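Engineer: So I've got this file, final_39.txt, and it contains compact mmCIF, C-alpha atoms:
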# COMPACT_ATOMS: atom_id res chain seq x y z
CA VAL A 1 0.00 0.00 0.00
CA TRP A 2 1.10 3.55 -0.58
CA ARG A 3 -1.92 5.86 -0.63
CA ASP A 4 -5.66 5.23 -0.58
CA ASP A 5 -7.07 1.70 -0.97
CA SER A 6 -5.55 -1.13 -2.92
CA CYS A 7 -6.23 -4.82 -3.38
CA ILE A 8 -3.94 -5.39 -0.35
CA GLY A 9 -5.54 -2.94 2.07
CA GLY A 10 -5.75 0.65 3.24
CA ALA A 11 -2.93 3.15 3.33
CA TRP A 12 -2.24 5.82 5.95
CA ASN A 13 -4.95 8.13 4.61
CA THR A 14 -7.72 5.53 5.11
CA GLU A 15 -9.21 3.62 8.00
CA LYS A 16 -9.16 0.31 6.12
CA GLY A 17 -7.18 -2.74 7.15
CA LEU A 18 -5.99 -5.67 5.12
CA THR A 19 -8.36 -7.11 2.53
CA ASP A 20 -8.87 -10.88 2.37
CA PHE A 21 -6.28 -10.92 -0.41
CA GLY A 22 -3.98 -8.76 1.74
CA ILE A 23 -4.25 -11.25 4.61
CA GLU A 24 -3.32 -14.02 2.20
CA CYS A 25 -0.38 -11.96 0.91
CA VAL A 26 0.99 -11.21 4.39
CA ASN A 27 0.71 -14.88 5.38
CA LYS A 28 2.60 -15.92 2.24
CA MET A 29 5.22 -13.21 2.74
CA LEU A 30 5.94 -14.41 6.25
CA GLU A 31 5.92 -18.04 5.10
CA PHE A 32 8.55 -17.22 2.46
CA GLY A 33 10.67 -15.11 4.81
CA ILE A 34 9.63 -11.74 3.38
CA ILE A 35 9.26 -9.12 6.10
CA PRO A 36 6.17 -6.92 5.69
CA ASP A 37 6.78 -3.16 5.76
CA VAL A 38 3.87 -1.14 7.15
CA SER A 39 5.36 2.33 6.61
CA HIS A 40 2.48 3.47 4.40
CA GLY A 41 -0.23 1.41 6.10
CA SER A 42 -3.32 2.58 7.95
CA ARG A 43 -3.60 2.09 11.72
CA GLN A 44 -5.94 -0.85 11.07
CA LEU A 45 -3.58 -2.40 8.51
CA ILE A 46 -0.73 -2.20 11.06
CA ARG A 47 -2.91 -3.98 13.67
CA ASP A 48 -3.90 -6.61 11.10
CA VAL A 49 -0.27 -7.27 10.13
CA SER A 50 0.65 -7.40 13.82
CA ARG A 51 -1.98 -10.08 14.53
CA ILE A 52 -0.73 -12.23 11.65
CA SER A 53 2.89 -11.66 12.63
CA GLU A 54 2.20 -12.62 16.24
CA LYS A 55 0.31 -15.74 15.18
CA VAL A 56 3.23 -17.05 13.09
CA GLY A 57 5.98 -15.68 15.34
CA LYS A 58 7.71 -13.54 12.73
CA PRO A 59 8.50 -9.82 12.72
CA PHE A 60 7.29 -6.96 10.59
CA CYS A 61 8.83 -3.52 10.21
CA ALA A 62 8.37 0.11 9.25
CA THR A 63 11.35 1.00 7.07
CA HIS A 64 10.70 4.74 6.89
CA SER A 65 8.33 6.04 9.55
CA ASN A 66 8.54 8.66 12.26
CA SER A 67 6.72 9.27 15.52
CA PHE A 68 3.21 10.73 15.58
CA SER A 69 3.87 11.83 19.19
CA VAL A 70 6.62 14.14 17.93
CA CYS A 71 4.96 15.24 14.66
CA GLU A 72 1.24 14.75 14.17
CA ASN A 73 1.35 13.61 10.56
CA LYS A 74 -1.11 10.79 9.75
CA ARG A 75 1.69 8.95 7.95
CA ASN A 76 3.70 8.68 11.21
CA LEU A 77 3.45 5.82 13.71
CA THR A 78 1.58 6.15 16.96
CA ASP A 79 3.38 4.86 20.03
CA ASP A 80 1.04 1.84 19.98
CA ASP A 81 2.01 1.16 16.34
CA ALA A 82 5.71 1.39 17.22
CA LEU A 83 5.29 -0.98 20.16
CA LEU A 84 3.49 -3.53 17.98
CA ILE A 85 6.41 -3.47 15.53
CA VAL A 86 9.09 -3.73 18.20
CA ASN A 87 7.23 -6.41 20.16
CA SER A 88 7.14 -8.52 17.00
CA GLY A 89 10.93 -8.34 16.83
CA GLY A 90 10.72 -5.71 14.12
CA ILE A 91 12.63 -2.54 13.45
CA ILE A 92 11.69 1.09 12.76
CA GLY A 93 13.65 3.13 10.21
CA LEU A 94 13.32 6.89 10.36
CA SER A 95 12.24 8.92 7.36
CA LEU A 96 14.00 12.19 6.60
CA TYR A 97 11.01 13.71 4.82
CA PRO A 98 10.46 17.15 6.46
CA PRO A 99 6.62 16.92 6.74
CA HIS A 100 7.11 13.64 8.67
CA LEU A 101 9.67 15.26 10.98
CA SER A 102 8.03 18.55 11.91
CA VAL A 103 4.77 20.39 11.48
CA LYS A 104 6.81 23.46 10.55
CA HIS A 105 7.83 21.63 7.31
CA ASN A 106 11.33 23.18 7.34
CA ALA A 107 12.82 20.48 9.51
CA ASP A 108 16.45 20.29 10.52
CA ILE A 109 18.72 17.88 12.35
CA ASP A 110 17.17 18.85 15.71
CA ASP A 111 13.84 17.49 14.47
CA ILE A 112 15.53 14.20 13.53
CA LEU A 113 16.98 14.05 17.05
CA LYS A 114 13.53 14.60 18.61
CA HIS A 115 12.19 11.51 16.84
CA ILE A 116 15.22 9.45 17.80
CA ASP A 117 15.04 10.60 21.42
CA HIS A 118 11.34 9.75 21.58
CA TYR A 119 11.88 6.26 20.14
CA LEU A 120 14.88 5.65 22.43
CA ASN A 121 12.67 6.44 25.43
CA LEU A 122 9.76 4.40 24.09
CA VAL A 123 11.46 1.26 22.73
CA GLY A 124 15.17 1.44 23.55
CA ASP A 125 18.16 1.54 21.24
CA ASN A 126 18.06 -1.93 19.63
CA CYS A 127 15.30 -1.38 17.08
CA ILE A 128 15.78 2.11 15.63
CA ALA A 129 17.50 2.72 12.31
CA PHE A 130 17.53 5.09 9.35
CA GLY A 131 15.26 4.46 6.39
CA CYS A 132 15.98 7.97 5.06
CA ASP A 133 13.80 7.66 1.90
CA PHE A 134 16.34 9.65 -0.15
CA ASP A 135 14.86 8.27 -3.38
CA GLY A 136 11.25 8.93 -2.45
CA VAL A 137 11.13 12.55 -1.30
CA ASP A 138 11.27 15.88 -3.05
CA ASN A 139 13.08 17.74 -0.25
CA LEU A 140 15.16 17.03 2.83
CA PRO A 141 15.78 18.70 6.19
CA LYS A 142 17.91 21.84 6.26
CA GLY A 143 21.59 20.84 6.04
CA ILE A 144 20.85 17.32 4.77
CA ASN A 145 21.63 17.04 1.05
CA ASP A 146 21.88 13.34 0.20
CA ILE A 147 23.43 10.09 1.44
CA SER A 148 26.72 11.90 2.11
CA SER A 149 24.94 13.79 4.92
CA VAL A 150 24.55 10.60 6.95
CA GLU A 151 28.12 11.16 8.19
CA LYS A 152 27.02 14.55 9.59
CA ILE A 153 24.00 12.90 11.26
CA TYR A 154 26.25 10.18 12.69
CA THR A 155 28.56 12.78 14.23
CA VAL A 156 25.61 14.47 15.93
CA LEU A 157 24.20 11.11 17.10
CA ARG A 158 27.55 10.22 18.69
CA ARG A 159 27.64 13.53 20.51
CA GLU A 160 24.00 13.36 21.67
CA PHE A 161 23.55 9.65 22.42
CA GLY A 162 27.03 8.12 22.58
CA VAL A 163 29.04 5.99 20.16
CA GLU A 164 27.34 2.66 20.97
CA THR A 165 23.82 3.99 20.37
CA ALA A 166 24.90 5.94 17.27
CA ASP A 167 26.49 2.79 15.82
CA LYS A 168 23.31 0.84 16.49
CA ILE A 169 21.09 3.41 14.81
CA ILE A 170 23.34 3.96 11.79
CA TYR A 171 24.28 0.33 11.10
CA ASN A 172 24.23 -2.38 13.77
CA ASN A 173 20.47 -2.57 14.36
CA VAL A 174 19.67 -3.20 10.70
CA TYR A 175 22.56 -5.62 10.33
CA ASN A 176 21.48 -7.61 13.40
CA PHE A 177 17.84 -7.56 12.31
CA LEU A 178 18.72 -8.91 8.88
CA ILE A 179 21.01 -11.61 10.31
CA ARG A 180 18.29 -12.71 12.78
CA ASN A 181 15.73 -12.90 10.00
CA ALA A 182 17.82 -14.31 7.14
Would you give me this structure, written as structure tokens?
Structural biologist:
Amino acid sequence: VWRDDSCIGGAWNTEKGLTDFGIECVNKMLEFGIIPDVSHGSRQLIRDVSRISEKVGKPFCATHSNSFSVCENKRNLTDDDALLIVNSGGIIGLSLYPPHLSVKHNADIDDILKHIDHYLNLVGDNCIAFGCDFDGVDNLPKGINDISSVEKIYTVLRREFGVETADKIIYNNVYNFLIRNA
């Protein structure tokens, strides 16, 4: 799903969950070792994927989603959504799209840090990563130009949260998640 309804289910701008076909798809994905990504899903779709994931004992993720508690954008995850993902063994990758980072829409690195800080307090430092979405957005936060800016973000993360947590967020969490679920 991306926007509106599809044969799989409802996106973030709907209230619809998985369709019957969507339920079948998620079951097959998990059976084949494909990890569902709910980044564009509706609240109901996230709950539906969570129920299936829990039933089969496999994780799901949100590869590029931020916190609704920090920025009230319907595309962002509520704390309950984030906990469902993490409790499944999943991982949350942060998006760098300014409207997902701040209601002021001219986000900067401080807004990225607010989302990270919120997730660290909510779920700890073992399941947060960067999804960035460099290829899917038309603008980026002030001072972030492209993939080369990740080094700048990493430097700030080390200063704000320490080397171990910065390493987890930038690399180790995704690596460990992929190894666990290979």
Engineer: Output as a Markdown table one row per residue of segment 20-77 of chain A within 9 Å of segment 171-181 of chain A: the closest atom pair and its distance in Å to one decimal place, counting all atoms listed in the file, sorted by chain and residue number ascending.
Structural biologist:
| residue | atom | partner | partner_atom | distance |
| --- | --- | --- | --- | --- |
| A:Gly33 | CA | A:Asn181 | CA | 7.6 |
| A:Ile35 | CA | A:Asn181 | CA | 8.4 |
| A:Lys58 | CA | A:Asn181 | CA | 8.5 |
| A:Pro59 | CA | A:Asn181 | CA | 8.3 |
Engineer: Identify which of the residues A:Ala11, A:Ala129, A:Leu122, A:Leu96 lies closest to Ile147 of chain A, counting only C-alpha atoms when measuring atom-to-atom distances.
Structural biologist: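 The answer is A:Leu96, which sits nearest to Ile147 of chain A.
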Engineer: List the neighbours of Glu72 of chain A out to 10 Å using only C-alpha atoms; skip same-chain residues closer than 3 positions along the sequence, and give me the result as a ChimeraX atom specification.
Structural biologist: /A:66-69,75-78,99-103
Engineer: Interatomic distance between atom CA of Gly131 of chain A and atom CA of Gly93 of chain A?
Structural biologist: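 Separation of atom CA of Gly131 of chain A and atom CA of Gly93 of chain A: 4.4 Å.
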Engineer: Quick one, how far is atom CA of Ile112 of chain A from atom CA of Phe60 of chain A?
Structural biologist: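 Taking atom CA of Ile112 of chain A and atom CA of Phe60 of chain A, their separation equals 22.9 Å.
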Engineer: So which residues touch Ala82 of chain A within 12 Å, counting all atoms listed in the file, skipping near sequence neighbours fewer than 5 positions away, as a ChimeraX atom specification?
Structural biologist: /A:38-39,43,46-47,50,60-69,76-77,87-94,118-124,127-128
Engineer: Hey, can you check how far atom CA of Lys16 of chain A sits from atom CA of Ile52 of chain A?
Structural biologist: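 Distance reported for this atom pair: 16.1 Å.
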Engineer: Just checking: using all atoms listed in the file, which residue out of A:Asp48, A:Val70, A:Glu31, A:Asp37 ends up closest to Gly17 of chain A?
Structural biologist: A:Asp48
Engineer: When distances are computed from only C-alpha atoms, which of A:Leu83, A:Leu113, A:Cys7, A:Ala107 shows the smallest separation from Pro141 of chain A?
Structural biologist: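 Selected residue with least distance to Pro141 of chain A: A:Ala107.
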Engineer: Which one of A:Glu160, A:Asn126, A:Asp111, A:Asp79 sits closest to Gly143 of chain A if you count all atoms listed in the file?
Structural biologist: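 Comparing A:Glu160, A:Asn126, A:Asp111, A:Asp79 against Gly143 of chain A, the winner is A:Asp111.
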Engineer: Let me know the centre plus edge lengths, in Å and rounded to one decimal, of a box with edges along x, y and z that contains all listed atoms of segment 2-18 of chain A and is padded by 6 Å on every side, as AutoDock Vina command-line options.
Structural biologist:
--center_x -4.1 --center_y 1.2 --center_z 2.3 --size_x 22.3 --size_y 25.8 --size_z 23.4
